[in-house]
file upload27.csv (CSV, C-alpha atoms)
chain,number,residue,atom,x,y,z
A,15,MET,CA,-14.2,-28.2,-45.1
A,16,GLN,CA,-10.8,-29.1,-43.6
A,17,ALA,CA,-10.4,-28.9,-39.9
A,18,ILE,CA,-8.3,-30.4,-37.1
A,19,THR,CA,-10.5,-32.6,-35.0
A,20,ILE,CA,-10.2,-34.6,-31.7
A,21,ARG,CA,-12.4,-37.6,-31.1
A,22,ASP,CA,-11.0,-39.5,-28.2
A,23,ARG,CA,-10.5,-37.7,-24.9
A,24,ASP,CA,-8.2,-40.4,-23.5
A,25,ALA,CA,-5.9,-40.2,-26.6
A,26,GLY,CA,-4.7,-36.7,-25.9
A,27,ILE,CA,-2.5,-35.1,-28.5
A,28,ALA,CA,-2.4,-38.5,-30.4
A,29,GLY,CA,-6.1,-38.1,-31.1
A,30,LEU,CA,-5.7,-35.0,-33.1
A,31,SER,CA,-6.0,-35.4,-36.9
A,32,LEU,CA,-6.7,-33.4,-40.1
A,33,THR,CA,-10.2,-34.1,-41.3
A,34,ALA,CA,-11.2,-33.2,-44.8
A,35,ASP,CA,-15.0,-33.5,-44.6
A,36,MET,CA,-16.1,-31.6,-41.5
A,37,PRO,CA,-19.5,-30.0,-42.0
A,38,TYR,CA,-19.6,-26.3,-42.9
A,39,PRO,CA,-20.7,-24.4,-39.7
A,40,HIS,CA,-24.2,-23.1,-39.1
A,41,ALA,CA,-24.6,-19.4,-38.4
A,42,ALA,CA,-27.0,-19.1,-35.5
A,43,GLU,CA,-28.7,-15.8,-34.6
A,44,ASN,CA,-26.2,-13.0,-34.0
A,45,ASP,CA,-23.4,-15.2,-35.4
A,46,VAL,CA,-21.0,-14.7,-38.2
A,47,ILE,CA,-19.2,-17.3,-40.2
A,48,VAL,CA,-15.5,-16.4,-40.5
A,49,ARG,CA,-13.2,-17.7,-43.1
A,50,VAL,CA,-10.1,-18.4,-41.0
A,51,HIS,CA,-6.8,-17.1,-42.3
A,52,ALA,CA,-4.8,-17.7,-39.1
A,53,ALA,CA,-5.6,-19.4,-35.8
A,54,GLY,CA,-4.1,-19.7,-32.3
A,55,PHE,CA,-4.5,-22.4,-29.7
A,56,THR,CA,-3.7,-23.2,-26.1
A,57,PRO,CA,-1.7,-26.4,-25.6
A,58,GLY,CA,-3.7,-27.4,-22.5
A,59,GLU,CA,-7.2,-27.0,-24.1
A,60,LEU,CA,-7.6,-30.7,-24.8
A,61,GLU,CA,-8.2,-31.1,-21.1
A,62,TRP,CA,-10.8,-28.4,-20.9
A,63,PRO,CA,-14.4,-29.6,-20.3
A,64,GLY,CA,-15.7,-27.3,-23.0
A,65,THR,CA,-13.6,-29.2,-25.6
A,66,TRP,CA,-15.8,-32.2,-25.0
A,67,THR,CA,-19.2,-31.1,-24.0
A,68,ASP,CA,-21.5,-28.2,-24.9
A,69,ARG,CA,-23.1,-25.8,-22.4
A,70,ALA,CA,-25.9,-28.2,-21.8
A,71,GLY,CA,-23.4,-31.0,-20.9
A,72,ARG,CA,-23.9,-33.0,-24.1
A,73,ASP,CA,-21.0,-34.7,-25.8
A,74,ARG,CA,-19.9,-32.9,-28.9
A,75,ALA,CA,-17.0,-35.0,-30.1
A,76,PRO,CA,-15.5,-34.8,-32.7
A,77,SER,CA,-14.6,-31.3,-31.8
A,78,VAL,CA,-12.4,-28.6,-33.3
A,79,PRO,CA,-9.8,-27.0,-31.0
A,80,GLY,CA,-8.4,-23.5,-31.1
A,81,HIS,CA,-10.1,-20.4,-29.9
A,82,GLU,CA,-8.2,-17.5,-31.4
A,83,MET,CA,-8.5,-16.4,-35.0
A,84,SER,CA,-8.1,-13.8,-37.6
A,85,GLY,CA,-9.9,-13.9,-40.9
A,86,VAL,CA,-12.6,-12.5,-43.2
A,87,VAL,CA,-16.4,-12.5,-42.6
A,88,ALA,CA,-18.0,-15.0,-45.0
A,89,GLU,CA,-21.6,-15.0,-43.9
A,90,LEU,CA,-23.9,-13.2,-41.4
A,91,GLY,CA,-26.4,-15.0,-39.2
A,92,PHE,CA,-29.9,-13.6,-38.7
A,93,GLY,CA,-30.0,-10.4,-36.7
A,94,THR,CA,-26.2,-9.8,-36.9
A,95,THR,CA,-25.2,-6.2,-36.9
A,96,GLY,CA,-22.0,-4.2,-36.7
A,97,LEU,CA,-20.0,-6.4,-39.2
A,98,SER,CA,-20.2,-7.0,-42.9
A,99,VAL,CA,-19.4,-9.8,-45.4
A,100,GLY,CA,-15.8,-9.4,-46.6
A,101,GLN,CA,-14.7,-7.5,-43.5
A,102,ARG,CA,-11.4,-8.4,-41.9
A,103,VAL,CA,-11.9,-9.4,-38.2
A,104,PHE,CA,-10.1,-11.1,-35.3
A,105,GLY,CA,-11.2,-12.3,-32.0
A,106,LEU,CA,-12.0,-15.0,-29.5
A,107,THR,CA,-14.4,-17.9,-30.0
A,108,ASP,CA,-16.7,-19.7,-27.4
A,109,TRP,CA,-15.0,-22.4,-25.3
A,110,ALA,CA,-17.9,-24.8,-25.8
A,111,ARG,CA,-18.2,-24.6,-29.6
A,112,ASN,CA,-16.1,-25.8,-32.4
A,113,GLY,CA,-13.0,-23.7,-32.7
A,114,THR,CA,-10.7,-22.0,-35.1
A,115,LEU,CA,-8.4,-24.8,-36.4
A,116,ALA,CA,-10.6,-25.0,-39.4
A,117,GLU,CA,-11.3,-23.3,-42.7
A,118,TYR,CA,-14.5,-21.7,-41.4
A,119,VAL,CA,-15.8,-21.1,-37.9
A,120,ALA,CA,-19.1,-19.8,-36.4
A,121,VAL,CA,-18.5,-17.0,-33.9
A,122,GLU,CA,-20.8,-14.7,-32.0
A,123,ALA,CA,-20.4,-11.3,-33.6
A,124,ARG,CA,-19.8,-9.6,-30.3
A,125,ASN,CA,-16.6,-11.6,-29.8
A,126,LEU,CA,-15.0,-10.1,-32.9
A,127,ALA,CA,-13.4,-6.8,-33.7
A,128,PRO,CA,-12.5,-5.2,-37.0
A,129,LEU,CA,-8.9,-5.8,-38.1
A,130,PRO,CA,-7.0,-2.9,-39.8
A,131,ALA,CA,-5.8,-3.8,-43.3
A,132,ASP,CA,-2.1,-3.3,-42.4
A,133,ILE,CA,-2.0,-5.9,-39.6
A,134,ASP,CA,-1.1,-9.4,-40.8
A,135,HIS,CA,-3.5,-12.2,-39.9
A,136,THR,CA,-0.8,-14.2,-38.3
A,137,VAL,CA,0.0,-11.3,-35.9
A,138,ALA,CA,-3.6,-10.7,-35.1
A,139,ALA,CA,-4.3,-14.3,-34.3
A,140,ALA,CA,-1.7,-14.2,-31.5
A,141,VAL,CA,-3.5,-11.4,-29.6
A,142,PRO,CA,-7.0,-12.3,-28.6
A,143,ILE,CA,-6.5,-14.6,-25.6
A,144,SER,CA,-3.1,-13.2,-24.6
A,145,GLY,CA,-4.0,-9.6,-25.0
A,146,LEU,CA,-7.3,-9.7,-23.3
A,147,THR,CA,-5.9,-11.9,-20.5
A,148,ALA,CA,-3.1,-9.4,-19.9
A,149,TRP,CA,-5.4,-6.4,-19.9
A,150,GLN,CA,-8.1,-7.9,-17.7
A,151,GLY,CA,-5.6,-9.3,-15.3
A,152,LEU,CA,-3.6,-6.1,-14.9
A,153,PHE,CA,-6.3,-3.4,-15.0
A,154,ASP,CA,-9.8,-4.9,-14.5
A,155,HIS,CA,-8.7,-7.3,-11.7
A,156,GLY,CA,-5.3,-6.0,-10.5
A,157,ARG,CA,-6.2,-2.3,-10.7
A,158,LEU,CA,-2.6,-1.5,-11.8
A,159,THR,CA,-1.9,2.3,-12.1
A,160,ALA,CA,1.1,4.5,-12.9
A,161,GLY,CA,3.8,4.5,-10.3
A,162,GLN,CA,3.0,1.0,-8.9
A,163,THR,CA,5.1,-2.1,-9.1
A,164,VAL,CA,3.9,-5.3,-10.8
A,165,LEU,CA,5.5,-8.7,-10.7
A,166,ILE,CA,4.8,-10.6,-13.9
A,167,HIS,CA,5.5,-14.4,-13.9
A,168,GLY,CA,6.4,-15.8,-17.3
A,169,ALA,CA,7.3,-12.4,-18.6
A,170,ALA,CA,8.6,-13.6,-21.9
A,171,GLY,CA,5.6,-15.8,-22.7
A,172,ALA,CA,2.6,-15.2,-24.8
A,173,VAL,CA,0.5,-13.5,-22.1
A,174,GLY,CA,3.4,-12.2,-20.0
A,175,SER,CA,5.1,-10.4,-22.9
A,176,ILE,CA,1.9,-8.4,-23.6
A,177,ALA,CA,1.4,-7.8,-19.9
A,178,VAL,CA,5.0,-6.3,-19.7
A,179,GLN,CA,4.3,-4.0,-22.6
A,180,LEU,CA,0.9,-2.8,-21.2
A,181,SER,CA,2.4,-2.3,-17.7
A,182,ARG,CA,5.2,-0.2,-19.1
A,183,GLU,CA,2.8,1.9,-21.2
A,184,VAL,CA,0.7,2.8,-18.1
A,185,GLY,CA,3.8,3.9,-16.2
A,186,ALA,CA,4.3,1.0,-13.8
A,187,ARG,CA,7.6,-0.5,-12.6
A,188,VAL,CA,7.9,-4.1,-13.9
A,189,ILE,CA,9.6,-7.1,-12.5
A,190,GLY,CA,9.6,-10.1,-14.7
A,191,THR,CA,10.3,-13.8,-14.0
A,192,GLY,CA,11.0,-16.9,-16.0
A,193,ARG,CA,13.8,-19.3,-16.9
A,194,ALA,CA,17.3,-18.0,-17.6
A,195,ASN,CA,16.9,-18.3,-21.3
A,196,ALA,CA,14.0,-15.8,-21.1
A,197,ARG,CA,16.0,-13.0,-19.5
A,198,ASP,CA,17.2,-11.3,-22.7
A,199,ARG,CA,13.7,-11.4,-24.2
A,200,ALA,CA,12.1,-9.9,-21.0
A,201,LEU,CA,14.7,-7.2,-20.8
A,202,ALA,CA,14.1,-6.2,-24.4
A,203,LEU,CA,10.4,-5.9,-23.7
A,204,GLY,CA,11.2,-3.4,-21.0
A,205,VAL,CA,11.2,-5.1,-17.6
A,206,ASP,CA,13.1,-3.1,-14.9
A,207,ALA,CA,14.4,-6.3,-13.3
A,208,PHE,CA,14.3,-10.0,-14.0
A,209,VAL,CA,14.3,-13.0,-11.7
A,210,ASP,CA,15.5,-16.4,-12.9
A,211,LEU,CA,13.1,-18.7,-11.0
A,212,GLU,CA,15.5,-21.7,-11.2
A,213,ALA,CA,18.6,-19.9,-9.8
A,214,GLU,CA,17.5,-16.7,-8.0
A,215,LYS,CA,15.4,-16.1,-4.9
A,216,LEU,CA,11.9,-14.8,-5.7
A,217,GLU,CA,11.4,-13.3,-2.2
A,218,GLU,CA,14.3,-10.8,-2.8
A,219,VAL,CA,12.1,-8.7,-5.1
A,220,GLY,CA,10.4,-7.1,-2.1
A,221,GLU,CA,6.8,-6.0,-1.9
A,222,VAL,CA,4.8,-5.3,-5.0
A,223,ASP,CA,1.4,-3.8,-5.7
A,224,VAL,CA,0.3,-6.5,-8.2
A,225,VAL,CA,1.4,-10.0,-8.9
A,226,PHE,CA,0.3,-11.3,-12.3
A,227,ASP,CA,0.6,-15.1,-12.4
A,228,VAL,CA,0.4,-17.5,-15.3
A,229,LEU,CA,2.3,-20.4,-13.7
A,230,GLY,CA,0.3,-21.5,-10.6
A,231,GLY,CA,1.7,-24.1,-8.1
A,232,GLU,CA,4.5,-23.3,-5.7
A,233,ILE,CA,5.4,-20.0,-7.4
A,234,LEU,CA,1.8,-18.7,-7.0
A,235,ASP,CA,1.8,-19.8,-3.3
A,236,ARG,CA,5.1,-18.0,-2.6
A,237,SER,CA,4.0,-14.9,-4.4
A,238,ALA,CA,1.2,-14.1,-1.9
A,239,ALA,CA,3.7,-12.9,0.7
A,240,LEU,CA,5.1,-10.4,-1.8
A,241,VAL,CA,1.8,-8.4,-2.1
A,242,ARG,CA,1.9,-5.3,-0.1
A,243,ALA,CA,-1.2,-4.0,1.9
A,244,GLY,CA,-4.0,-3.1,-0.5
A,245,GLY,CA,-2.4,-5.0,-3.4
A,246,THR,CA,-3.7,-7.8,-5.5
A,247,LEU,CA,-2.5,-11.3,-6.4
A,248,VAL,CA,-4.0,-12.2,-9.8
A,249,SER,CA,-3.8,-15.7,-11.4
A,250,VAL,CA,-5.1,-17.2,-14.6
A,251,ALA,CA,-3.4,-20.6,-13.8
A,252,MET,CA,-5.5,-21.7,-10.8
A,253,PRO,CA,-7.4,-20.2,-7.8
A,254,PRO,CA,-4.8,-19.0,-5.2
A,255,LYS,CA,-4.6,-21.2,-2.2
A,256,VAL,CA,-2.6,-18.7,-0.2
A,257,GLN,CA,-4.1,-15.3,0.4
A,258,PRO,CA,-2.1,-12.0,0.7
A,259,ARG,CA,-2.1,-10.9,4.3
A,260,GLN,CA,-3.7,-7.5,3.7
A,261,GLY,CA,-4.5,-7.8,0.0
A,262,ARG,CA,-6.8,-9.5,-2.5
A,263,ALA,CA,-6.5,-12.7,-4.4
A,264,VAL,CA,-8.2,-13.1,-7.8
A,265,PHE,CA,-8.6,-16.0,-10.2
A,266,PHE,CA,-10.3,-15.3,-13.5
A,267,VAL,CA,-11.0,-16.7,-17.0
A,268,VAL,CA,-10.6,-14.3,-19.9
A,269,GLU,CA,-13.8,-12.9,-21.4
A,270,PRO,CA,-14.4,-11.6,-24.9
A,271,ASP,CA,-14.4,-7.8,-25.3
A,272,ARG,CA,-14.8,-6.2,-28.7
A,273,ALA,CA,-13.9,-2.7,-27.4
A,274,ARG,CA,-10.7,-3.9,-25.8
A,275,LEU,CA,-9.7,-6.0,-28.9
A,276,THR,CA,-10.1,-2.7,-30.9
A,277,ASP,CA,-7.8,-1.0,-28.5
A,278,LEU,CA,-5.2,-3.8,-28.8
A,279,ALA,CA,-5.4,-3.6,-32.6
A,280,THR,CA,-4.7,0.2,-32.5
A,281,ARG,CA,-1.6,-0.5,-30.4
A,282,LEU,CA,-0.5,-3.2,-32.9
A,283,ARG,CA,-0.9,-0.8,-35.8
A,284,ASP,CA,0.8,2.1,-34.0
A,285,GLY,CA,3.8,-0.1,-33.0
A,286,ARG,CA,3.1,0.3,-29.3
A,287,LEU,CA,2.4,-3.4,-28.9
A,288,LYS,CA,4.2,-6.4,-30.4
A,289,ALA,CA,2.7,-9.8,-30.5
A,290,ASN,CA,4.9,-12.7,-29.4
A,291,VAL,CA,4.7,-14.8,-32.6
A,292,GLY,CA,6.9,-17.8,-32.7
A,293,ALA,CA,6.5,-20.4,-35.5
A,294,VAL,CA,3.9,-20.1,-38.2
A,295,ARG,CA,2.8,-23.6,-39.4
A,296,PRO,CA,0.2,-24.9,-41.9
A,297,LEU,CA,-3.1,-26.5,-40.8
A,298,ALA,CA,-1.8,-30.0,-41.5
A,299,GLU,CA,1.0,-29.5,-38.9
A,300,ALA,CA,-1.3,-28.3,-36.1
A,301,PRO,CA,-1.4,-31.7,-34.3
A,302,ALA,CA,2.4,-31.8,-34.0
A,303,ALA,CA,2.4,-28.2,-32.8
A,304,PHE,CA,0.4,-29.2,-29.7
A,305,SER,CA,3.3,-31.4,-28.5
A,306,PRO,CA,5.3,-30.0,-25.6
A,307,ASP,CA,8.5,-31.4,-27.2
A,308,LYS,CA,7.9,-29.3,-30.3
A,309,ARG,CA,7.4,-25.9,-28.7
A,310,ILE,CA,9.6,-22.9,-29.5
A,311,PRO,CA,9.8,-19.5,-27.9
A,312,GLY,CA,6.7,-17.4,-28.8
A,313,LYS,CA,3.2,-18.4,-29.7
A,314,THR,CA,2.8,-20.9,-32.5
A,315,ILE,CA,0.2,-19.7,-35.1
A,316,ILE,CA,-1.5,-21.9,-37.6
A,317,ARG,CA,-1.9,-20.4,-41.0
A,318,VAL,CA,-5.2,-21.9,-42.3
A,319,VAL,CA,-5.5,-20.2,-45.7
A,320,THR,CA,-3.6,-17.6,-47.6
A,321,GLU,CA,-4.9,-14.2,-48.7
A,322,GLU,CA,-5.0,-15.3,-52.3
A,323,SER,CA,-7.0,-18.5,-51.7
A,324,THR,CA,-10.7,-17.9,-52.0
A,325,THR,CA,-12.3,-21.3,-52.8
A,326,ARG,CA,-14.9,-22.5,-50.3
A,327,ARG,CA,-14.5,-26.2,-49.5

call {"tool": "encode", "arguments": {"input": "upload27.csv", "output": "structure tokens"}}
result
Amino acid sequence: MQAITIRDRDAGIAGLSLTADMPYPHAAENDVIVRVHAAGFTPGELEWPGTWTDRAGRDRAPSVPGHEMSGVVAELGFGTTGLSVGQRVFGLTDWARNGTLAEYVAVEARNLAPLPADIDHTVAAAVPISGLTAWQGLFDHGRLTAGQTVLIHGAAGAVGSIAVQLSREVGARVIGTGRANARDRALALGVDAFVDLEAEKLEEVGEVDVVFDVLGGEILDRSAALVRAGGTLVSVAMPPKVQPRQGRAVFFVVEPDRARLTDLATRLRDGRLKANVGAVRPLAEAPAAFSPDKRIPGKTIIRVVTEESTTRR
């Protein structure tokens, strides 16, 4: 099968290439094989340990990057229940296994959720990491509720844009941050106020109940002082070095959740949630899409196969 592979850790993005003869994946117990229609990736994942070693610490290069996908179930592993061959699904794959920038991928069934027929694969592929990260950060870790105020860094980005929409839906007041060119996008998503981090003073937003951070660094450090008593500083970028004076600080890595993916799909179908899709590019152009010089607003999605293409390779 065709897949994007990376073989040399030191080569970085330059080591990505389209490989035509990757082995078809094996379906372990409770796995499914999914024929990938669209896939998402995280630009920094080439630096993740799981990209290079399995859970036992063994080298697994060449590896296939990408951990978000939408597609159709092609095969069921032994003992797999809850899904069927031919079913449309989307979800999140394991960090330490070959990923989704390939024609087929092996995924634990519990990491996938059914995808309604009226949601395009390119839209669904933009949701698993961003949507689950936003939900878990805001509600599971941040405990955000109606009437509270949340400060969302990177409010127009892939994660931030979904976090803004979910916060608005629950009835929270939302302050977004980002660069100046993100202001209009953030306001369109529904933020009550926007802070240009390059030209405006972050500290002037006042106290908030929850800070949701995707940036890390100095912005994360400065945000701790904004958390009011009993509030929470949540980051997916790095563990907070500075603790809120009378609040909590949480760093977390997103976890698969079939039930929550199903909730997100319902919101997409009902129009209550819009995915932040930017460019849609073919599999052969995936290596170039990793380059920071090539990024455009929104999440880049890789279209692996079309709905009409059915030939197994």

call {"tool": "atom_distance", "arguments": {"input": "upload27.csv", "atom1": "atom CA of Thr314 of chain A", "atom2": "atom CA of Gly292 of chain A"}}
result
5.1 Å

call {"tool": "residues_around", "arguments": {"input": "upload27.csv", "residues": "segment 20-31 of chain A", "least_positions_apart": "4", "cutoff": "8 Å", "atoms": "all atoms listed in the file", "output": "list in words"}}
result
Leu60, Glu61, Trp66, Ala75, Pro76, Ser77, Val78, Pro79, Pro301, Phe304 and Ser305 of chain A

call {"tool": "atom_distance", "arguments": {"input": "upload27.csv", "atom1": "atom CA of Ala273 of chain A", "atom2": "atom CA of Arg124 of chain A"}}
result
9.5 Å

call {"tool": "atom_distance", "arguments": {"input": "upload27.csv", "atom1": "atom CA of Ala138 of chain A", "atom2": "atom CA of Gly105 of chain A"}}
result
8.4 Å

call {"tool": "closest_atom_pairs", "arguments": {"input": "upload27.csv", "of": "segment 107-135 of chain A", "to": "segment 86-100 of chain A", "cutoff": "9 Å", "atoms": "only C-alpha atoms", "output": "JSON lines"}}
result
{"residue": "A:Tyr118", "atom": "CA", "partner": "A:Ala88", "partner_atom": "CA", "distance": 8.4}
{"residue": "A:Glu122", "atom": "CA", "partner": "A:Thr94", "partner_atom": "CA", "distance": 8.8}
{"residue": "A:Ala123", "atom": "CA", "partner": "A:Thr94", "partner_atom": "CA", "distance": 6.8}
{"residue": "A:Arg124", "atom": "CA", "partner": "A:Gly96", "partner_atom": "CA", "distance": 8.7}
{"residue": "A:Leu126", "atom": "CA", "partner": "A:Leu97", "partner_atom": "CA", "distance": 8.9}
{"residue": "A:Ala127", "atom": "CA", "partner": "A:Leu97", "partner_atom": "CA", "distance": 8.6}
{"residue": "A:Pro128", "atom": "CA", "partner": "A:Leu97", "partner_atom": "CA", "distance": 7.9}

call {"tool": "residues_near_point", "arguments": {"input": "upload27.csv", "point": "(-19.5, -28.8, -44.6)", "cutoff": "12 Å", "atoms": "only C-alpha atoms", "output": "ChimeraX atom specification"}}
result
/A:15-17,33-40,116-119,326-327
